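*Asks:* Provided below: upload_19.cif, containing mmCIF, C-alpha atoms.
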data_protein
loop_
_atom_site.label_atom_id
_atom_site.label_comp_id
_atom_site.auth_asym_id
_atom_site.auth_seq_id
_atom_site.Cartn_x
_atom_site.Cartn_y
_atom_site.Cartn_z
CA MET X 17 -128.46 -85.46 85.61
CA ALA X 18 -127.30 -89.09 85.33
CA ALA X 19 -128.27 -91.17 88.33
CA SER X 20 -126.00 -93.86 89.67
CA GLU X 21 -127.88 -96.35 87.49
CA GLU X 22 -128.37 -95.21 83.88
CA LYS X 23 -132.02 -95.08 82.88
CA GLN X 24 -132.72 -97.29 79.87
CA MET X 25 -134.34 -95.12 77.25
CA ILE X 26 -133.65 -97.23 74.20
CA VAL X 27 -135.39 -100.56 73.99
CA ASN X 28 -135.08 -102.83 70.95
CA GLY X 29 -133.65 -100.00 68.88
CA LYS X 30 -136.57 -97.67 69.62
CA ARG X 31 -137.01 -94.81 72.04
CA LEU X 32 -139.49 -94.95 74.91
CA ASP X 33 -142.26 -93.39 72.83
CA GLY X 34 -141.60 -95.77 69.92
CA ARG X 35 -139.71 -93.26 67.77
CA GLY X 36 -136.63 -94.04 65.73
CA PHE X 37 -133.44 -92.12 66.60
CA ASN X 38 -133.97 -89.46 63.94
CA ASP X 39 -137.74 -89.15 64.19
CA LEU X 40 -139.48 -85.95 65.16
CA ARG X 41 -142.50 -85.92 67.42
CA PRO X 42 -145.81 -85.13 65.68
CA ILE X 43 -146.00 -81.37 65.02
CA THR X 44 -148.94 -79.19 64.02
CA ILE X 45 -148.66 -75.46 63.35
CA LYS X 46 -151.48 -72.95 62.95
CA ALA X 47 -151.03 -69.31 62.00
CA GLY X 48 -153.28 -66.38 62.85
CA VAL X 49 -154.92 -67.91 65.92
CA LEU X 50 -155.21 -64.66 67.91
CA LYS X 51 -157.38 -61.89 66.53
CA LYS X 52 -156.03 -59.04 68.59
CA ALA X 53 -152.32 -59.57 68.07
CA ASN X 54 -150.68 -58.29 64.89
CA GLY X 55 -149.50 -61.84 64.24
CA SER X 56 -149.76 -65.16 66.05
CA ALA X 57 -149.11 -68.87 65.83
CA LEU X 58 -149.82 -71.99 67.85
CA VAL X 59 -147.38 -74.88 67.73
CA GLU X 60 -148.21 -78.31 69.12
CA TRP X 61 -145.01 -80.31 69.18
CA GLY X 62 -145.38 -83.73 70.79
CA ARG X 63 -146.91 -82.79 74.13
CA ASN X 64 -145.60 -79.21 73.95
CA LYS X 65 -148.06 -76.42 73.30
CA VAL X 66 -146.60 -72.99 72.61
CA LEU X 67 -148.43 -69.83 71.66
CA ALA X 68 -146.57 -66.90 70.08
CA GLY X 69 -147.99 -63.40 69.68
CA ILE X 70 -146.51 -60.38 67.95
CA PHE X 71 -147.21 -56.69 68.56
CA GLY X 72 -145.61 -54.01 66.45
CA PRO X 73 -143.81 -52.36 64.88
CA ARG X 74 -144.99 -49.64 67.21
CA GLU X 75 -143.74 -46.73 69.24
CA VAL X 76 -141.00 -47.63 71.69
CA VAL X 77 -141.85 -47.75 75.36
CA PRO X 78 -139.89 -46.60 77.34
CA ARG X 79 -138.92 -43.83 74.94
CA HIS X 80 -135.24 -43.68 75.87
CA MET X 81 -134.70 -47.11 74.35
CA THR X 82 -135.59 -45.87 70.87
CA ASN X 83 -132.98 -46.64 68.24
CA PRO X 84 -132.98 -44.04 65.47
CA LYS X 85 -131.60 -46.52 62.93
CA ARG X 86 -133.60 -49.66 63.47
CA ALA X 87 -136.48 -51.35 65.22
CA ILE X 88 -135.69 -52.90 68.58
CA ILE X 89 -136.81 -56.44 69.25
CA GLN X 90 -138.17 -57.45 72.61
CA ALA X 91 -138.59 -61.16 73.10
CA ARG X 92 -140.28 -62.76 76.06
CA TYR X 93 -140.36 -66.47 76.75
CA ILE X 94 -142.41 -67.57 79.71
CA MET X 95 -143.89 -70.78 81.03
CA ALA X 96 -147.44 -70.89 82.31
CA PRO X 97 -147.83 -72.31 85.83
CA PHE X 98 -150.00 -75.12 84.45
CA SER X 99 -147.48 -76.06 81.76
CA GLY X 100 -146.25 -79.05 83.74
CA GLN X 101 -145.90 -80.68 87.14
CA GLU X 102 -142.37 -79.47 87.70
CA GLU X 103 -143.04 -76.28 85.84
CA HIS X 104 -145.29 -75.05 88.58
CA GLY X 105 -142.15 -74.14 90.44
CA ARG X 106 -140.26 -73.18 87.28
CA SER X 107 -142.95 -70.96 85.77
CA GLY X 108 -143.08 -67.21 85.60
CA PRO X 109 -140.15 -64.89 85.04
CA ASN X 110 -136.94 -66.45 86.32
CA ARG X 111 -133.31 -66.73 85.26
CA ARG X 112 -134.00 -69.52 82.80
CA SER X 113 -136.83 -67.65 81.08
CA MET X 114 -134.68 -64.50 80.97
CA GLU X 115 -131.90 -66.45 79.29
CA ILE X 116 -134.20 -67.97 76.72
CA SER X 117 -135.77 -64.57 76.10
CA LYS X 118 -132.34 -63.12 75.48
CA VAL X 119 -131.17 -65.80 73.05
CA SER X 120 -134.49 -65.62 71.21
CA LYS X 121 -134.03 -61.88 70.87
CA HIS X 122 -130.63 -62.48 69.28
CA VAL X 123 -132.17 -64.91 66.79
CA PHE X 124 -134.76 -62.43 65.61
CA GLU X 125 -132.42 -59.45 65.59
CA ASN X 126 -130.47 -61.35 62.94
CA VAL X 127 -133.50 -62.35 60.91
CA VAL X 128 -135.96 -59.44 60.97
CA LEU X 129 -135.15 -56.54 58.63
CA THR X 130 -135.09 -54.09 61.51
CA SER X 131 -133.58 -51.25 59.50
CA MET X 132 -136.89 -50.88 57.65
CA PHE X 133 -138.61 -49.63 60.81
CA PRO X 134 -136.34 -47.24 62.68
CA LYS X 135 -137.59 -45.82 65.97
CA THR X 136 -140.08 -48.62 66.56
CA MET X 137 -140.22 -51.78 68.61
CA ILE X 138 -141.44 -55.27 67.88
CA ASN X 139 -142.71 -57.39 70.77
CA ILE X 140 -142.42 -61.15 70.46
CA ASP X 141 -144.20 -63.02 73.24
CA MET X 142 -143.89 -66.77 73.56
CA GLU X 143 -146.05 -68.52 76.13
CA VAL X 144 -145.50 -72.17 76.89
CA LEU X 145 -148.90 -73.60 77.74
CA GLN X 146 -147.73 -77.18 78.11
CA SER X 147 -144.13 -78.34 78.27
CA ASP X 148 -142.48 -81.64 77.48
CA GLY X 149 -138.91 -80.88 76.47
CA GLY X 150 -137.64 -78.73 73.61
CA THR X 151 -139.85 -75.76 74.42
CA ARG X 152 -137.38 -73.08 73.39
CA VAL X 153 -137.07 -74.53 69.94
CA ALA X 154 -140.85 -74.89 69.63
CA ALA X 155 -141.32 -71.34 70.90
CA ILE X 156 -138.94 -69.83 68.37
CA THR X 157 -140.46 -71.92 65.58
CA ALA X 158 -143.87 -70.52 66.58
CA ALA X 159 -142.57 -66.95 66.84
CA SER X 160 -141.14 -67.19 63.35
CA VAL X 161 -144.54 -68.11 61.92
CA ALA X 162 -146.19 -65.40 64.01
CA LEU X 163 -143.80 -62.76 62.62
CA ALA X 164 -144.63 -63.81 59.07
CA ASP X 165 -148.32 -63.73 59.98
CA ALA X 166 -147.82 -60.17 61.20
CA GLY X 167 -146.26 -59.15 57.90
CA ILE X 168 -142.95 -58.21 59.50
CA PRO X 169 -140.23 -58.53 56.84
CA MET X 170 -137.61 -61.20 57.48
CA LYS X 171 -134.69 -62.76 55.62
CA ASP X 172 -136.03 -66.24 56.24
CA LEU X 173 -138.42 -68.37 58.28
CA VAL X 174 -136.28 -69.88 61.01
CA CYS X 175 -136.87 -73.07 62.89
CA GLY X 176 -134.89 -75.61 64.80
CA VAL X 177 -134.72 -78.78 66.80
CA SER X 178 -132.71 -80.18 69.66
CA VAL X 179 -130.30 -83.08 69.18
CA GLY X 180 -128.72 -84.90 72.08
CA ARG X 181 -127.25 -88.14 73.33
CA ILE X 182 -129.15 -90.72 75.33
CA ASN X 183 -127.66 -94.06 76.36
CA GLY X 184 -124.68 -93.31 74.13
CA GLN X 185 -126.83 -92.76 71.03
CA LEU X 186 -127.41 -89.45 69.21
CA VAL X 187 -131.13 -88.75 68.88
CA VAL X 188 -133.19 -85.96 67.37
CA ASP X 189 -135.89 -84.00 69.22
CA LEU X 190 -135.50 -84.97 72.85
CA ASP X 191 -138.58 -85.04 75.01
CA LYS X 192 -138.54 -84.17 78.68
CA THR X 193 -137.57 -87.62 79.94
CA GLU X 194 -134.75 -87.91 77.42
CA ASP X 195 -133.55 -84.42 78.30
CA ASN X 196 -133.64 -85.07 82.05
CA TYR X 197 -132.00 -88.51 82.02
CA GLY X 198 -129.85 -88.24 78.91
CA GLU X 199 -126.20 -87.30 78.59
CA SER X 200 -126.58 -84.09 76.63
CA ASP X 201 -129.04 -81.85 74.86
CA MET X 202 -128.18 -79.36 72.14
CA PRO X 203 -130.92 -77.03 70.87
CA LEU X 204 -130.26 -75.33 67.53
CA ILE X 205 -132.11 -72.69 65.55
CA LEU X 206 -131.27 -72.51 61.84
CA SER X 207 -132.05 -70.49 58.77
CA PRO X 208 -132.75 -73.27 56.24
CA ARG X 209 -132.28 -70.92 53.28
CA THR X 210 -128.83 -69.63 54.14
CA GLY X 211 -127.62 -72.47 56.35
CA GLU X 212 -126.86 -70.04 59.16
CA VAL X 213 -127.00 -71.09 62.79
CA LEU X 214 -128.79 -68.49 64.90
CA LEU X 215 -128.96 -70.26 68.23
CA HIS X 216 -126.63 -72.92 69.51
CA GLN X 217 -126.69 -74.04 73.12
CA ILE X 218 -125.64 -77.19 74.84
CA ASP X 219 -126.19 -79.03 78.12
CA GLY X 220 -123.83 -81.86 78.97
CA LYS X 221 -120.97 -83.04 76.73
CA LEU X 222 -120.63 -84.08 73.12
CA THR X 223 -117.47 -84.88 71.15
CA LYS X 224 -116.51 -82.76 68.16
CA GLU X 225 -117.58 -85.53 65.81
CA GLU X 226 -120.91 -85.85 67.58
CA ILE X 227 -121.53 -82.13 67.31
CA SER X 228 -120.81 -82.23 63.59
CA GLN X 229 -123.17 -85.18 63.18
CA ALA X 230 -125.78 -83.47 65.31
CA MET X 231 -125.64 -80.35 63.12
CA ASP X 232 -126.28 -82.46 60.01
CA LEU X 233 -129.20 -84.18 61.72
CA SER X 234 -130.65 -80.81 62.76
CA PHE X 235 -130.49 -79.40 59.25
CA GLU X 236 -132.19 -82.50 57.94
CA ALA X 237 -134.96 -82.34 60.55
CA SER X 238 -135.43 -78.58 60.05
CA LYS X 239 -136.44 -79.14 56.44
CA LYS X 240 -139.53 -81.02 57.63
CA ILE X 241 -140.35 -78.41 60.25
CA ARG X 242 -140.05 -75.64 57.70
CA GLU X 243 -142.53 -77.43 55.43
CA LEU X 244 -145.06 -77.33 58.25
CA GLN X 245 -144.41 -73.63 58.89
CA VAL X 246 -144.86 -72.85 55.20
CA ALA X 247 -148.07 -74.90 54.98
CA ALA X 248 -149.53 -73.13 58.03
CA LEU X 249 -148.91 -69.72 56.48
CA LYS X 250 -150.04 -70.56 52.97
CA GLU X 251 -153.17 -72.40 54.08
CA ARG X 252 -155.54 -69.46 54.21
CA TYR X 253 -154.39 -67.93 50.93
CA GLU X 254 -154.33 -71.17 49.02
CA SER X 255 -157.83 -72.19 50.04
CA VAL X 256 -159.20 -68.81 48.91
CA LEU X 257 -157.20 -69.09 45.68
CA ALA X 258 -158.53 -72.59 44.98
CA GLU X 259 -162.10 -71.47 45.67
CA ALA X 260 -161.73 -68.50 43.36
CA GLU X 261 -160.15 -70.58 40.61
CA ASN X 262 -162.94 -73.16 40.82
CA GLY X 263 -165.53 -70.42 40.67
CA ASN X 264 -163.83 -68.99 37.58
CA ASP X 265 -163.67 -72.36 35.85
CA ASN X 266 -167.35 -72.90 36.48
CA GLY X 267 -168.33 -69.87 34.45
CA GLY X 268 -167.57 -66.96 36.74
CA GLY X 269 -165.77 -65.59 33.72
CA ASN X 270 -162.57 -63.63 33.44
CA MET W 278 -142.74 -68.26 36.75
CA GLU W 279 -145.63 -69.12 34.39
CA ASN W 280 -147.71 -66.25 33.18
CA GLU W 281 -151.11 -67.39 34.32
CA LYS W 282 -150.23 -69.20 37.52
CA ARG W 283 -150.33 -67.35 40.82
CA MET W 284 -147.89 -68.58 43.43
CA ILE W 285 -148.01 -67.75 47.13
CA VAL W 286 -144.61 -67.35 48.75
CA VAL W 287 -143.40 -67.04 52.34
CA PRO W 288 -140.39 -65.19 53.78
CA GLY W 289 -137.14 -66.72 52.58
CA GLU W 290 -138.68 -68.34 49.51
CA LYS W 291 -136.91 -67.62 46.22
CA VAL W 292 -138.92 -65.56 43.76
CA PHE W 293 -136.45 -64.53 41.07
CA ASN W 294 -133.14 -65.99 39.98
CA ASP W 295 -131.60 -62.57 39.44
CA GLN W 296 -131.07 -59.76 41.95
CA ARG W 297 -133.90 -57.23 41.86
CA ARG W 298 -134.75 -54.32 44.08
CA VAL W 299 -138.49 -54.79 44.58
CA GLU W 300 -140.91 -54.07 47.39
CA GLY W 301 -141.18 -57.12 49.59
CA GLY W 302 -137.98 -58.63 48.20
CA TYR W 303 -134.46 -59.19 49.51
CA ALA W 304 -131.60 -59.78 47.09
CA ASP W 305 -128.38 -61.64 47.73
CA ALA W 306 -125.85 -63.52 45.62
CA LYS W 307 -128.28 -66.36 44.89
CA GLY W 308 -131.25 -64.32 43.73
CA THR W 309 -134.23 -62.43 45.10
CA PHE W 310 -136.24 -63.77 48.02
CA ALA W 311 -139.55 -62.77 49.54
CA THR W 312 -139.43 -60.99 52.91
CA THR W 313 -143.15 -61.23 53.70
CA MET W 314 -146.11 -63.33 52.55
CA ALA W 315 -146.52 -62.43 48.90
CA MET W 316 -147.82 -63.55 45.56
CA VAL W 317 -145.77 -64.03 42.42
CA HIS W 318 -147.70 -63.42 39.23
CA ASP W 319 -146.66 -62.31 35.75
CA ASP W 320 -143.05 -61.96 36.88
CA ARG W 321 -144.05 -59.52 39.61
CA LEU W 322 -143.83 -59.81 43.38
CA VAL W 323 -146.97 -58.52 45.11
CA PRO W 324 -146.78 -58.40 48.92
CA LEU W 325 -149.89 -59.72 50.67
CA LYS W 326 -148.95 -58.40 54.10
CA GLY W 327 -147.08 -55.37 55.28
CA TYR W 328 -147.13 -52.09 57.16
CA TYR W 329 -147.71 -48.65 55.77
CA LEU W 330 -144.49 -46.62 55.57
CA PRO W 331 -145.41 -43.00 54.80
CA LYS W 332 -144.00 -41.50 51.62
CA PRO W 333 -144.17 -37.89 50.39
CA GLY W 334 -147.11 -37.35 48.07
CA ASP W 335 -149.34 -40.03 49.57
CA PHE W 336 -152.96 -39.19 50.31
CA VAL W 337 -154.01 -40.70 53.62
CA VAL W 338 -156.90 -40.85 56.07
CA GLY W 339 -155.78 -40.11 59.62
CA ILE W 340 -157.27 -39.77 63.06
CA VAL W 341 -156.21 -36.93 65.35
CA LYS W 342 -154.51 -38.60 68.28
CA GLU W 343 -153.17 -35.76 70.37
CA GLU W 344 -152.97 -31.99 70.42
CA THR W 345 -149.43 -30.67 70.94
CA PHE W 346 -148.14 -27.16 71.56
CA ASN W 347 -147.63 -26.46 67.87
CA GLY W 348 -150.07 -28.76 66.15
CA TYR W 349 -151.42 -32.27 66.20
CA GLU W 350 -150.27 -35.86 66.21
CA ILE W 351 -152.10 -37.91 63.61
CA GLU W 352 -152.55 -41.65 63.89
CA MET W 353 -152.16 -43.14 60.43
CA ASN W 354 -152.59 -46.92 60.58
CA SER W 355 -148.80 -47.04 60.53
CA PRO W 356 -145.97 -47.62 63.01
CA TYR W 357 -145.33 -43.89 62.59
CA ASP W 358 -147.61 -41.04 63.64
CA GLY W 359 -147.90 -37.97 61.45
CA ARG W 360 -147.28 -34.40 62.58
CA LEU W 361 -149.61 -31.64 61.52
CA SER W 362 -148.43 -28.11 62.29
CA THR W 363 -150.99 -25.42 63.11
CA ARG W 364 -149.22 -23.31 60.48
CA GLU W 365 -150.49 -25.69 57.78
CA THR W 366 -154.15 -25.20 58.52
CA ARG W 367 -156.78 -22.66 59.55
CA GLU W 368 -159.11 -25.36 60.82
CA ARG W 369 -159.02 -26.43 64.44
CA PHE W 370 -159.26 -30.15 65.18
CA GLN W 371 -160.14 -32.21 68.18
CA VAL W 372 -158.84 -35.55 69.35
CA GLY W 373 -160.79 -38.25 67.50
CA ASP W 374 -161.45 -36.22 64.34
CA VAL W 375 -161.03 -38.12 61.08
CA ILE W 376 -159.14 -36.21 58.43
CA SER W 377 -158.00 -36.70 54.87
CA ALA W 378 -154.55 -35.25 54.27
CA LYS W 379 -151.41 -35.42 52.24
CA VAL W 380 -147.97 -36.57 53.40
CA ALA W 381 -145.94 -33.50 52.47
CA ASP W 382 -142.61 -34.87 53.59
CA VAL W 383 -140.94 -37.45 55.78
CA ASN W 384 -138.25 -35.74 57.86
CA GLU W 385 -134.81 -37.03 58.77
CA ILE W 386 -136.09 -38.63 61.97
CA HIS W 387 -138.75 -40.56 59.99
CA GLU W 388 -141.67 -38.40 61.04
CA PRO W 389 -144.29 -37.90 58.34
CA ILE W 390 -145.23 -34.22 57.98
CA ILE W 391 -148.91 -33.81 57.18
CA ALA W 392 -150.45 -31.00 55.13
CA ASP W 393 -153.77 -30.07 53.44
CA PRO W 394 -155.94 -31.57 56.16
CA ARG W 395 -159.67 -31.74 55.60
CA LYS W 396 -162.07 -32.91 58.24
CA LEU W 397 -164.27 -35.86 57.29
CA GLY W 398 -167.52 -36.31 59.12
CA GLY W 399 -170.64 -38.40 59.16
CA GLY W 400 -169.21 -41.54 57.65
CA GLU W 401 -167.43 -44.74 58.63
CA VAL W 402 -163.78 -45.62 58.70
CA LEU W 403 -162.42 -49.06 57.78
CA ASP W 404 -158.80 -50.12 58.36
CA VAL W 405 -157.31 -52.61 55.93
CA GLU W 406 -153.76 -53.64 55.10
CA SER W 407 -152.05 -50.94 53.07
CA VAL W 408 -150.70 -53.53 50.59
CA LYS W 409 -154.29 -54.17 49.45
CA VAL W 410 -154.91 -50.54 48.49
CA PRO W 411 -153.76 -50.87 44.85
CA ARG W 412 -156.30 -53.68 44.39
CA ILE W 413 -159.08 -51.68 46.00
CA ILE W 414 -158.36 -48.72 43.77
CA GLY W 415 -157.86 -50.88 40.65
CA ARG W 416 -156.30 -50.00 37.32
CA ASN W 417 -157.06 -46.33 36.56
CA ALA W 418 -159.28 -46.29 39.66
CA SER W 419 -161.66 -48.70 37.92
CA MET W 420 -162.45 -50.81 40.97
CA VAL W 421 -163.19 -47.98 43.36
CA GLU W 422 -165.31 -46.25 40.69
CA THR W 423 -167.31 -49.45 40.18
CA ILE W 424 -168.04 -49.61 43.90
CA LYS W 425 -169.01 -45.93 44.01
CA GLN W 426 -171.34 -46.28 41.01
CA HIS W 427 -173.16 -49.30 42.41
CA THR W 428 -173.48 -48.15 46.00
CA LYS W 429 -173.67 -44.37 45.46
CA SER W 430 -171.38 -44.02 48.48
CA GLU W 431 -168.68 -41.44 48.94
CA LEU W 432 -165.41 -43.37 49.14
CA PHE W 433 -161.95 -42.14 49.97
CA VAL W 434 -159.21 -44.76 49.98
CA GLY W 435 -156.09 -43.61 51.80
CA LYS W 436 -152.74 -45.00 50.75
CA ASN W 437 -152.28 -45.98 54.39
CA GLY W 438 -155.02 -48.59 54.16
CA ARG W 439 -157.66 -46.53 55.88
CA VAL W 440 -160.91 -46.15 53.91
CA TYR W 441 -163.58 -43.53 54.55
CA VAL W 442 -167.10 -44.48 53.45
CA LYS W 443 -170.11 -42.19 53.66
CA GLY W 444 -173.67 -42.42 52.50
CA GLY W 445 -175.31 -44.60 49.90
CA ASN W 446 -175.25 -48.31 50.56
CA SER W 447 -172.16 -48.06 52.73
CA ALA W 448 -172.62 -51.57 54.15
CA LEU W 449 -172.41 -53.05 50.65
CA ALA W 450 -169.39 -50.89 49.83
CA ILE W 451 -167.64 -52.18 52.94
CA ARG W 452 -168.49 -55.79 52.08
CA ALA W 453 -167.04 -55.28 48.61
CA ILE W 454 -163.84 -53.81 50.05
CA LEU W 455 -163.46 -56.67 52.55
CA LYS W 456 -163.99 -59.17 49.73
CA ILE W 457 -161.24 -57.51 47.71
CA CYS W 458 -158.89 -57.67 50.71
CA LYS W 459 -159.60 -61.35 51.30
CA GLU W 460 -159.26 -62.35 47.63
CA ALA W 461 -156.66 -59.81 46.49
CA HIS W 462 -154.33 -62.61 45.40
CA THR W 463 -156.85 -64.29 43.07
CA GLY W 464 -157.79 -63.75 39.44
CA GLY W 465 -161.22 -62.80 38.10
CA LEU W 466 -161.83 -60.70 41.17
CA THR W 467 -163.41 -57.77 39.33
CA ASP W 468 -166.22 -59.95 38.03
CA ARG W 469 -166.89 -61.45 41.44
CA VAL W 470 -166.98 -58.01 43.06
CA VAL W 471 -169.43 -56.76 40.42
CA ALA W 472 -171.55 -59.86 41.06
CA LEU W 473 -171.60 -59.00 44.78
CA LEU W 474 -172.50 -55.37 44.10
CA GLU W 475 -175.32 -56.39 41.76
CA GLY W 476 -176.69 -58.76 44.36
CA ARG W 477 -175.89 -61.84 42.33
CA GLU W 478 -173.62 -63.36 44.98
#
Can you give me the file's structure in the form of structure tokens?

*Replies:*
Amino acid sequence: MAASEEKQMIVNGKRLDGRGFNDLRPITIKAGVLKKANGSALVEWGRNKVLAGIFGPREVVPRHMTNPKRAIIQARYIMAPFSGQEEHGRSGPNRRSMEISKVSKHVFENVVLTSMFPKTMINIDMEVLQSDGGTRVAAITAASVALADAGIPMKDLVCGVSVGRINGQLVVDLDKTEDNYGESDMPLILSPRTGEVLLHQIDGKLTKEEISQAMDLSFEASKKIRELQVAALKERYESVLAEAENGNDNGGGN
Amino acid sequence: MENEKRMIVVPGEKVFNDQRRVEGGYADAKGTFATTMAMVHDDRLVPLKGYYLPKPGDFVVGIVKEETFNGYEIEMNSPYDGRLSTRETRERFQVGDVISAKVADVNEIHEPIIADPRKLGGGEVLDVESVKVPRIIGRNASMVETIKQHTKSELFVGKNGRVYVKGGNSALAIRAILKICKEAHTGGLTDRVVALLEGRE
């Protein structure tokens, strides 16, 4: 990771893209973007673009994997070949995508009320269309919105962010350059309602104090991300509600 | 929650300060939280999204999916397929037939057992979310009766969110049903649906 000469990524107290240490990249979230999937969401996070689609609950295939007590979750994270210059070699199913698929599955197994749908399976597919660092966190954030869009019952909407250290400074939401040339990167997925940590991975080294600080920074940043998830989901309903209420006020009668 | 105001909630959002066992809710030490997109109105939690989970006594509209050695598998707009035994019926069905039926029981392996099947023919079938069915039917079936009166269509609304429409101005009936589904979380809907049916909208 670190070359013999450390790459300067903090200039005049700002990061290379002009952000402050705790600033998130611009994020937009849209729910219900795919008509054929049971639920879907598109997240644009900085230069990342991730699409999540949900199918299910439905019959389990292959049959022998059926769990008589709960729904099984199948999560798939994959990078498209055009998602980035380096990604052309890293795309498709590989050990990294299998690992991310597995940890994503663990997140949703702890969040979805699987006991409500025994003997079924829920497919969560996350496709990275464009990658620029922090894709697993963006993918899970998108999948969470997609699950809510599908009407699959969950304990909470989860989201997360990565915190890491570059040039000796803790920063929030590392982009690809910061991840590649920095000293460490720690993605986290949280349940803002309960304060639970559902995914916690780390590349590189951080001290105990730094990890504690990083956790606080993640929780803080997650609040903003959750607001965007909530707005994306409520958008359709609230616009219809506003229209209806205006119509009523203008003499539609009640 | 104020009486008049309708509030849209997302999974994880708090809806009640006390612990209640309600559909679409999840209770823990801190209160009751929504598990799906829902609306809170008049101290009630009304889910806006969800899947149909068969319950004994429900009347449903199903489609024959497969013929098995002792009956039929019925697709019910649900994660679970129903089982219809040949012992329950004299009629013979074919794959693709639309039937109205009753969920007699849900067995210990979560399979809905179907009884009283009746073949439906010559109409159209519309799939909507099962959580919208109470709104489509209305209080004392008032909404569905209004639609039937105005369009003169035969309407059968299955609890599983599958609606069978036949005859009359079926296109208008379907438009009315889709409008109800889209605006189920709003107030004054009855008047707007009547306006649509009378051609005023």

*Asks:* Considering all atoms listed in the file, return as JSON, numbers by chain whatever protein or nucleic-acid residues lie within 8 Å of Glu401 of chain W, sequence-local ones (same chain, fewer than 5 positions apart) excluded.

*Replies:* {"W": [441, 442, 443]}

*Asks:* Please, which residues of chain X lie no more than 6 Å from chain W when the count uses all atoms listed in the file, and can they be set out as a list in words?

*Replies:* Pro73, Arg74, Gly167, Pro169, Met170, Lys171, Asp172, Leu173, Leu257 and Asn270 of chain X

*Asks:* Tell me, as JSON, numbers by chain, which residues lie within 9 Å of segment 54-66 of chain X, counting all atoms listed in the file; anything in the same chain fewer than 2 positions away does not count.

*Replies:* {"X": [40, 41, 42, 43, 44, 45, 46, 47, 48, 49, 50, 51, 52, 68, 69, 70, 71, 72, 99, 142, 143, 144, 145, 146, 147, 148, 149, 150, 151, 154, 155, 157, 158, 159, 160, 161, 162, 163, 164, 165, 166, 167, 168, 191, 248]}

*Asks:* Which one of W:Ala306, W:Leu361, W:Ile376, W:Ala381 sits closest to Lys332 of chain W if you count only C-alpha atoms?

*Replies:* W:Ala381

*Asks:* Please identify all polymer residues lying at most 12 Å from the point (-152.8, -39.3, 68.9) (file coordinates), using only C-alpha atoms, and present the result as a PDB file with C-alpha atoms, in the frame of the given file.

*Replies:*
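The resulting result-v2.pdb:
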ATOM      1  CA  GLU X  75    -143.740 -46.730  69.240  1.00  0.00           C
TER       2      GLU X  75
ATOM      3  CA  GLY W 339    -155.780 -40.110  59.620  1.00  0.00           C
ATOM      4  CA  ILE W 340    -157.270 -39.770  63.060  1.00  0.00           C
ATOM      5  CA  VAL W 341    -156.210 -36.930  65.350  1.00  0.00           C
ATOM      6  CA  LYS W 342    -154.510 -38.600  68.280  1.00  0.00           C
ATOM      7  CA  GLU W 343    -153.170 -35.760  70.370  1.00  0.00           C
ATOM      8  CA  GLU W 344    -152.970 -31.990  70.420  1.00  0.00           C
ATOM      9  CA  THR W 345    -149.430 -30.670  70.940  1.00  0.00           C
ATOM     10  CA  GLY W 348    -150.070 -28.760  66.150  1.00  0.00           C
ATOM     11  CA  TYR W 349    -151.420 -32.270  66.200  1.00  0.00           C
ATOM     12  CA  GLU W 350    -150.270 -35.860  66.210  1.00  0.00           C
ATOM     13  CA  ILE W 351    -152.100 -37.910  63.610  1.00  0.00           C
ATOM     14  CA  GLU W 352    -152.550 -41.650  63.890  1.00  0.00           C
ATOM     15  CA  MET W 353    -152.160 -43.140  60.430  1.00  0.00           C
ATOM     16  CA  ASN W 354    -152.590 -46.920  60.580  1.00  0.00           C
ATOM     17  CA  TYR W 357    -145.330 -43.890  62.590  1.00  0.00           C
ATOM     18  CA  ASP W 358    -147.610 -41.040  63.640  1.00  0.00           C
ATOM     19  CA  GLY W 359    -147.900 -37.970  61.450  1.00  0.00           C
ATOM     20  CA  ARG W 360    -147.280 -34.400  62.580  1.00  0.00           C
ATOM     21  CA  LEU W 361    -149.610 -31.640  61.520  1.00  0.00           C
ATOM     22  CA  PHE W 370    -159.260 -30.150  65.180  1.00  0.00           C
ATOM     23  CA  GLN W 371    -160.140 -32.210  68.180  1.00  0.00           C
ATOM     24  CA  VAL W 372    -158.840 -35.550  69.350  1.00  0.00           C
ATOM     25  CA  GLY W 373    -160.790 -38.250  67.500  1.00  0.00           C
ATOM     26  CA  ASP W 374    -161.450 -36.220  64.340  1.00  0.00           C
ATOM     27  CA  VAL W 375    -161.030 -38.120  61.080  1.00  0.00           C
TER      28      VAL W 375
END

*Asks:* With distances taken over only C-alpha atoms, which of W:Glu368, W:Asp295, W:Asp319, W:Asp393 is nearest to Phe336 of chain W?

*Replies:* W:Asp393

*Asks:* Atom CA of Gly334 of chain W to atom CA of Ile424 of chain W: how many Å, to one decimal?

*Replies:*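 About the pair atom CA of Gly334 of chain W and atom CA of Ile424 of chain W: they are 24.6 Å apart.
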
*Asks:* Evaluating the PyMOL selection byres ((chain X and resi 239) around 12) on the displayed file yields which residues, as a list of chain:residue names?

*Replies:* X:Leu40, X:Leu173, X:Val174, X:Cys175, X:Gly176, X:Val177, X:Ile205, X:Leu206, X:Ser207, X:Pro208, X:Arg209, X:Gly211, X:Asp232, X:Leu233, X:Ser234, X:Phe235, X:Glu236, X:Ala237, X:Ser238, X:Lys240, X:Ile241, X:Arg242, X:Glu243, X:Leu244, X:Gln245, X:Val246

*Asks:* What separation in Å, quoted to one decimal, exists between atom CA of Asp141 of chain X and atom CA of Ile89 of chain X?

*Replies:*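 We find that atom CA of Asp141 of chain X and atom CA of Ile89 of chain X lie 10.7 Å from each other.
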